[in-house]
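Trainee: Input file: start37.cif. Contents: mmCIF, C-alpha atoms.
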```cif
data_data
loop_
_atom_site.label_atom_id
_atom_site.label_comp_id
_atom_site.auth_asym_id
_atom_site.auth_seq_id
_atom_site.Cartn_x
_atom_site.Cartn_y
_atom_site.Cartn_z
CA MET A 21 0.00 0.00 0.00
CA ALA A 22 3.03 2.28 -0.31
CA GLY A 23 2.22 5.55 -1.95
CA LEU A 24 -1.39 5.65 -0.77
CA THR A 25 -1.88 8.79 1.27
CA LEU A 26 -4.40 7.33 3.72
CA HIS A 27 -2.59 4.08 4.58
CA GLY A 28 0.24 3.70 7.06
CA GLU A 29 1.98 0.86 8.86
CA LEU A 30 -0.10 1.04 12.04
CA VAL A 31 -3.34 2.63 10.83
CA TYR A 32 -5.33 3.60 7.80
CA LEU A 33 -8.00 6.26 7.41
CA ARG A 34 -11.37 5.44 5.89
CA ALA A 35 -14.62 7.20 5.14
CA LEU A 36 -17.57 6.92 7.47
CA GLU A 37 -20.02 4.14 6.64
CA PRO A 38 -23.69 3.65 7.60
CA GLU A 39 -22.49 0.82 9.87
CA ASP A 40 -20.64 3.44 11.95
CA LEU A 41 -23.93 4.77 13.40
CA ASP A 42 -23.45 3.23 16.86
CA LEU A 43 -19.84 4.38 16.99
CA VAL A 44 -20.70 7.98 16.02
CA PHE A 45 -23.71 7.95 18.38
CA ARG A 46 -21.48 6.86 21.29
CA ILE A 47 -18.79 9.46 20.56
CA GLU A 48 -21.09 12.40 19.82
CA ASN A 49 -23.08 11.74 23.00
CA ASP A 50 -20.10 11.27 25.33
CA GLU A 51 -20.37 14.35 27.55
CA ASP A 52 -16.70 14.04 28.55
CA LEU A 53 -15.78 14.83 24.93
CA TRP A 54 -18.06 17.82 24.57
CA GLU A 55 -15.34 20.14 25.88
CA LEU A 56 -13.46 19.45 22.64
CA THR A 57 -16.34 20.86 20.62
CA THR A 58 -19.15 23.34 21.07
CA THR A 59 -21.66 20.54 21.66
CA LEU A 60 -24.21 21.32 24.35
CA THR A 61 -26.94 18.74 23.74
CA PRO A 62 -27.05 15.07 22.74
CA PHE A 63 -27.55 13.96 19.14
CA SER A 64 -30.35 11.59 18.17
CA LYS A 65 -29.73 8.52 16.06
CA PHE A 66 -32.08 10.04 13.49
CA LEU A 67 -29.86 13.13 13.08
CA LEU A 68 -26.70 11.04 13.00
CA LYS A 69 -28.21 8.75 10.33
CA GLN A 70 -28.80 11.87 8.20
CA TYR A 71 -25.23 13.00 8.87
CA LEU A 72 -23.87 9.61 7.80
CA ARG A 73 -26.13 9.63 4.75
CA ASN A 74 -24.54 12.95 3.73
CA SER A 75 -20.97 12.10 4.77
CA HIS A 76 -20.17 11.14 1.18
CA LYS A 77 -20.36 14.79 0.17
CA ASP A 78 -17.21 16.30 -1.25
CA ILE A 79 -15.16 18.40 1.18
CA TYR A 80 -15.72 21.40 -1.10
CA GLU A 81 -19.46 21.08 -0.51
CA ALA A 82 -19.52 19.95 3.13
CA LYS A 83 -16.54 22.09 4.27
CA GLN A 84 -15.44 19.20 6.46
CA LEU A 85 -14.08 15.68 6.22
CA ARG A 86 -14.32 13.12 9.02
CA LEU A 87 -12.41 9.86 8.66
CA VAL A 88 -12.24 6.80 10.89
CA ILE A 89 -8.79 5.78 12.14
CA CYS A 90 -8.56 1.99 11.81
CA HIS A 91 -5.93 -0.47 12.98
CA SER A 92 -4.05 -1.82 9.94
CA ASP A 93 -4.06 -5.42 11.17
CA THR A 94 -7.45 -5.79 12.86
CA ASN A 95 -9.52 -3.10 11.05
CA GLU A 96 -10.75 -2.02 14.51
CA ALA A 97 -11.91 1.61 14.70
CA LEU A 98 -9.44 3.39 16.99
CA GLY A 99 -10.58 6.97 16.59
CA LEU A 100 -11.69 9.81 14.35
CA ILE A 101 -9.75 12.51 12.54
CA ASP A 102 -11.42 15.60 11.13
CA LEU A 103 -10.71 18.40 8.75
CA PHE A 104 -13.14 21.22 9.57
CA ASP A 105 -13.81 24.81 8.51
CA PHE A 106 -12.34 23.92 5.12
CA ASP A 107 -11.55 27.16 3.29
CA PRO A 108 -10.56 26.47 -0.35
CA LYS A 109 -10.01 30.13 -1.20
CA ASN A 110 -7.37 30.55 1.50
CA GLN A 111 -6.27 26.90 1.23
CA ARG A 112 -6.61 26.05 4.91
CA ALA A 113 -8.54 23.83 7.29
CA GLY A 114 -8.73 23.02 10.96
CA LEU A 115 -7.54 19.60 12.09
CA GLY A 116 -8.74 17.58 15.06
CA ILE A 117 -8.12 14.03 16.24
CA LEU A 118 -9.57 11.70 18.84
CA ILE A 119 -8.28 8.28 19.84
CA PHE A 120 -11.20 6.64 21.65
CA SER A 121 -9.49 4.56 24.32
CA GLU A 122 -6.94 5.91 26.76
CA VAL A 123 -5.32 2.47 26.54
CA GLU A 124 -4.66 3.02 22.82
CA ARG A 125 -3.22 6.52 23.30
CA GLY A 126 0.55 6.87 23.24
CA ARG A 127 1.05 3.87 20.95
CA GLY A 128 1.74 5.84 17.79
CA TYR A 129 -1.72 5.50 16.25
CA GLY A 130 -2.57 9.18 16.64
CA ALA A 131 0.84 10.32 15.39
CA GLU A 132 0.60 8.19 12.27
CA ALA A 133 -3.03 9.20 11.62
CA LEU A 134 -2.02 12.85 11.95
CA ARG A 135 0.90 12.36 9.53
CA LEU A 136 -1.42 10.67 7.04
CA MET A 137 -3.99 13.47 7.24
CA ILE A 138 -1.29 16.15 6.96
CA ASN A 139 0.13 14.44 3.89
CA TYR A 140 -3.35 14.05 2.38
CA SER A 141 -4.19 17.69 3.09
CA PHE A 142 -1.04 19.06 1.50
CA LYS A 143 -0.67 16.62 -1.41
CA ARG A 144 -4.25 15.77 -2.40
CA LEU A 145 -6.19 18.83 -1.28
CA GLU A 146 -3.28 21.18 -1.99
CA LEU A 147 -3.84 23.10 1.22
CA HIS A 148 -1.35 25.76 2.26
CA GLN A 149 -1.94 25.47 5.98
CA LEU A 150 -3.57 23.48 8.75
CA TYR A 151 -4.45 24.69 12.23
CA ALA A 152 -5.50 23.13 15.50
CA ASN A 153 -7.22 24.51 18.59
CA ILE A 154 -5.85 22.84 21.74
CA LEU A 155 -6.75 23.48 25.38
CA GLU A 156 -3.78 24.89 27.29
CA GLU A 157 -3.79 21.98 29.76
CA ASN A 158 -4.01 19.26 27.06
CA THR A 159 -0.28 18.50 27.07
CA PRO A 160 -0.60 15.13 25.25
CA SER A 161 -2.28 16.85 22.27
CA ILE A 162 0.21 19.70 22.36
CA ARG A 163 3.11 17.19 22.20
CA LEU A 164 1.38 15.23 19.43
CA PHE A 165 0.86 18.26 17.21
CA GLU A 166 4.27 19.79 17.97
CA LYS A 167 5.99 16.52 16.98
CA GLN A 168 4.28 16.85 13.58
CA GLY A 169 5.65 20.36 13.11
CA PHE A 170 2.73 22.46 14.36
CA ARG A 171 3.78 25.64 16.14
CA PRO A 172 1.82 27.79 18.61
CA VAL A 173 0.85 31.11 17.05
CA GLY A 174 -1.40 32.44 19.77
CA LEU A 175 -3.11 31.90 23.07
CA LYS A 176 -6.82 32.64 23.27
CA LYS A 177 -7.38 33.73 26.89
CA ASP A 178 -10.58 32.59 28.62
CA TRP A 179 -11.70 31.16 25.28
CA LEU A 180 -13.87 28.26 26.41
CA ARG A 181 -16.22 28.05 29.34
CA LEU A 182 -16.03 24.53 30.72
CA GLU A 183 -17.46 23.25 33.98
CA GLY A 184 -18.12 26.76 35.25
CA SER A 185 -14.70 28.27 34.56
CA PHE A 186 -12.95 29.75 31.56
CA LYS A 187 -10.03 27.96 29.95
CA ASN A 188 -7.30 29.13 27.61
CA GLU A 189 -6.88 27.58 24.19
CA TYR A 190 -3.80 27.59 21.99
CA LEU A 191 -3.97 28.11 18.26
CA TYR A 192 -1.42 25.90 16.50
CA GLN A 193 -0.51 26.20 12.83
CA LEU A 194 1.37 24.16 10.25
CA ILE A 195 2.22 25.84 6.96
CA TYR A 196 3.13 23.74 3.94
CA THR A 197 6.36 25.64 3.27
CA ASP A 198 7.53 24.91 6.84
CA VAL A 199 7.50 21.15 6.19
CA HIS A 200 8.40 20.96 2.48
#
```
Would you mind writing the structure in this file as structure tokens?
Mentor:
Amino acid sequence: MAGLTLHGELVYLRALEPEDLDLVFRIENDEDLWELTTTLTPFSKFLLKQYLRNSHKDIYEAKQLRLVICHSDTNEALGLIDLFDFDPKNQRAGLGILIFSEVERGRGYGAEALRLMINYSFKRLELHQLYANILEENTPSIRLFEKQGFRPVGLKKDWLRLEGSFKNEYLYQLIYTDVH
């Protein structure tokens, strides 16, 4: 599978399928993960079925791309990786990643998935830059993104209100010319 942008040694990235409904339902309704997004209320299976039905849309139409991170040997779904706020005019997109199980974190799956998505974004989508929003206290994500060449370009003070207090969020950026 050498040369394929979405296949690595440990993981590969695949499109969402209708069979992923229970997986997406579980993740989107996990209140512990809501701090990573602006989610405030649960999603119904009906709404998520519609989302999956439309997930085939081109990134130019949907302005986002969500892929499932799968183990190369077992095909097990390990996480999700997203391009969001896709801006073709300015050739940029936001990038987010989630490895579901804490047991699976730190094993290189996230790093390889991030490398695959970065490569795909720069080579296939011809983006000029990627950015990530990371909570100041999320040191594992900060390390993960920094190891892939992302650099902090700003700190958004009191950016997110979580559990009754405001938290700071870093803006990280990776520009194509910095890595090529």
Trainee: Report as a Markdown table the residues of stretch 121-161 of chain A within 12 Å of stretch 176-190 of chain A, each with its shortest atom pair and distance in Å (one decimal), using all atoms listed in the file, ordered by chain and increasing residue number.
Mentor:
```
| residue | atom | partner | partner_atom | distance |
| --- | --- | --- | --- | --- |
| A:Tyr151 | CA | A:Tyr190 | CA | 10.2 |
| A:Ala152 | CA | A:Tyr190 | CA | 8.1 |
| A:Asn153 | CA | A:Tyr190 | CA | 5.7 |
| A:Ile154 | CA | A:Tyr190 | CA | 5.2 |
| A:Leu155 | CA | A:Glu189 | CA | 4.3 |
| A:Glu156 | CA | A:Glu189 | CA | 5.1 |
| A:Glu157 | CA | A:Asn188 | CA | 8.3 |
| A:Asn158 | CA | A:Glu189 | CA | 9.3 |
| A:Thr159 | CA | A:Tyr190 | CA | 11.0 |
| A:Ser161 | CA | A:Tyr190 | CA | 10.9 |
```
Trainee: Apply the PyMOL selection byres ((chain A and resi 106) around 6) to the file shown and report the selected residues as an MDAnalysis selection string.
Mentor: chainID A and resid 83:84 104:105 107 113
Trainee: Taking all atoms listed in the file into account, which of A:Leu164, A:Ala97, A:Leu33, A:Val199 comes nearest A:Arg127?
Mentor: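 Using all atoms listed in the file, A:Arg127 sits closest to A:Leu164.
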Trainee: Which residues, named as in the file, does the PyMOL selection byres ((chain A and resi 196) around 6) pick out? Answer as a PyMOL selection string.
Mentor: chain A and resi 148-149+195+197-199
Trainee: Could you state which residues are captured by the PyMOL selection byres ((chain A and resi 121) around 12) in this file, as a PDB file with C-alpha atoms, in the frame of the given file?
Mentor:
```pdb
ATOM      1  CA  ILE A  47     -18.790   9.460  20.560  1.00  0.00           C
ATOM      2  CA  GLU A  96     -10.750  -2.020  14.510  1.00  0.00           C
ATOM      3  CA  ALA A  97     -11.910   1.610  14.700  1.00  0.00           C
ATOM      4  CA  LEU A  98      -9.440   3.390  16.990  1.00  0.00           C
ATOM      5  CA  GLY A  99     -10.580   6.970  16.590  1.00  0.00           C
ATOM      6  CA  LEU A 100     -11.690   9.810  14.350  1.00  0.00           C
ATOM      7  CA  LEU A 118      -9.570  11.700  18.840  1.00  0.00           C
ATOM      8  CA  ILE A 119      -8.280   8.280  19.840  1.00  0.00           C
ATOM      9  CA  PHE A 120     -11.200   6.640  21.650  1.00  0.00           C
ATOM     10  CA  GLU A 122      -6.940   5.910  26.760  1.00  0.00           C
ATOM     11  CA  VAL A 123      -5.320   2.470  26.540  1.00  0.00           C
ATOM     12  CA  GLU A 124      -4.660   3.020  22.820  1.00  0.00           C
ATOM     13  CA  ARG A 125      -3.220   6.520  23.300  1.00  0.00           C
ATOM     14  CA  GLY A 126       0.550   6.870  23.240  1.00  0.00           C
ATOM     15  CA  ARG A 127       1.050   3.870  20.950  1.00  0.00           C
ATOM     16  CA  TYR A 129      -1.720   5.500  16.250  1.00  0.00           C
ATOM     17  CA  GLY A 130      -2.570   9.180  16.640  1.00  0.00           C
TER      18      GLY A 130
END
```
Trainee: Rounded to one decimal place, report the atom CA of A:Gln193-atom CA of A:Glu146 distance in Å.
Mentor: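 Straight-line distance from atom CA of A:Gln193 to atom CA of A:Glu146 works out to 15.9 Å.
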Trainee: Using all atoms listed in the file, which protein or nucleic acid residues come within 9 Å of A:Arg86? Drop anything in the same chain fewer than 3 positions from it, and give the result as an MDAnalysis selection string.
Mentor: chainID A and resid 34:36 75 100:104
Trainee: Please compute the atom CA of A:Leu150-atom CA of A:Leu134 distance, one decimal, in Å.
Mentor: 11.2 Å
Trainee: Determine the nearest neighbour of A:Gln111 from the options A:Tyr192, A:Tyr80, A:Phe165, A:Phe170, counting only C-alpha atoms.
Mentor: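 Closest to A:Gln111 of all the choices is A:Tyr80.
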Trainee: Rounded to one decimal place, report the atom CA of A:Phe142-atom CA of A:Val31 distance in Å.
Mentor: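 About the pair atom CA of A:Phe142 and atom CA of A:Val31: they are 19.0 Å apart.
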Trainee: Report as a PyMOL selection string all protein, DNA and RNA residues lying within 8 Å of A:Leu136, evaluated on all atoms listed in the file, omitting residues in the same chain fewer than 6 positions from it.
Mentor: chain A and resi 25-28+33
Trainee: So which one's closest to A:Leu85, A:Ile117, A:Leu191, A:Glu29, A:Gly174? Using only C-alpha atoms, please.
Mentor: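 Looking at the shortest contact to A:Leu85, the residue is A:Ile117.
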Trainee: Please, can stretch 106-117 of chain A be completed to N, CA and C atoms and returned as a short mmCIF file (atom, residue, chain, number, x, y, z; two decimals), in the frame of the given file?
Mentor:
```
data_model
loop_
_atom_site.label_atom_id
_atom_site.label_comp_id
_atom_site.auth_asym_id
_atom_site.auth_seq_id
_atom_site.Cartn_x
_atom_site.Cartn_y
_atom_site.Cartn_z
N PHE A 106 -13.11 23.95 6.36
CA PHE A 106 -12.34 23.92 5.12
C PHE A 106 -12.58 25.20 4.34
N ASP A 107 -11.50 25.88 3.99
CA ASP A 107 -11.55 27.16 3.29
C ASP A 107 -10.71 27.05 2.01
N PRO A 108 -11.35 26.67 0.88
CA PRO A 108 -10.56 26.47 -0.35
C PRO A 108 -9.94 27.75 -0.89
N LYS A 109 -10.58 28.88 -0.69
CA LYS A 109 -10.01 30.13 -1.20
C LYS A 109 -8.66 30.43 -0.54
N ASN A 110 -8.60 30.27 0.77
CA ASN A 110 -7.37 30.55 1.50
C ASN A 110 -6.54 29.30 1.74
N GLN A 111 -6.99 28.18 1.20
CA GLN A 111 -6.27 26.90 1.23
C GLN A 111 -5.88 26.49 2.65
N ARG A 112 -6.88 26.46 3.54
CA ARG A 112 -6.61 26.05 4.91
C ARG A 112 -7.79 25.27 5.48
N ALA A 113 -7.51 24.56 6.56
CA ALA A 113 -8.54 23.83 7.29
C ALA A 113 -8.06 23.59 8.71
N GLY A 114 -9.03 23.44 9.61
CA GLY A 114 -8.73 23.02 10.96
C GLY A 114 -8.56 21.51 11.00
N LEU A 115 -7.82 21.03 11.97
CA LEU A 115 -7.54 19.60 12.09
C LEU A 115 -7.74 19.18 13.53
N GLY A 116 -8.51 18.12 13.73
CA GLY A 116 -8.74 17.58 15.06
C GLY A 116 -8.66 16.07 15.04
N ILE A 117 -8.28 15.49 16.16
CA ILE A 117 -8.12 14.03 16.24
C ILE A 117 -8.60 13.55 17.60
#
```
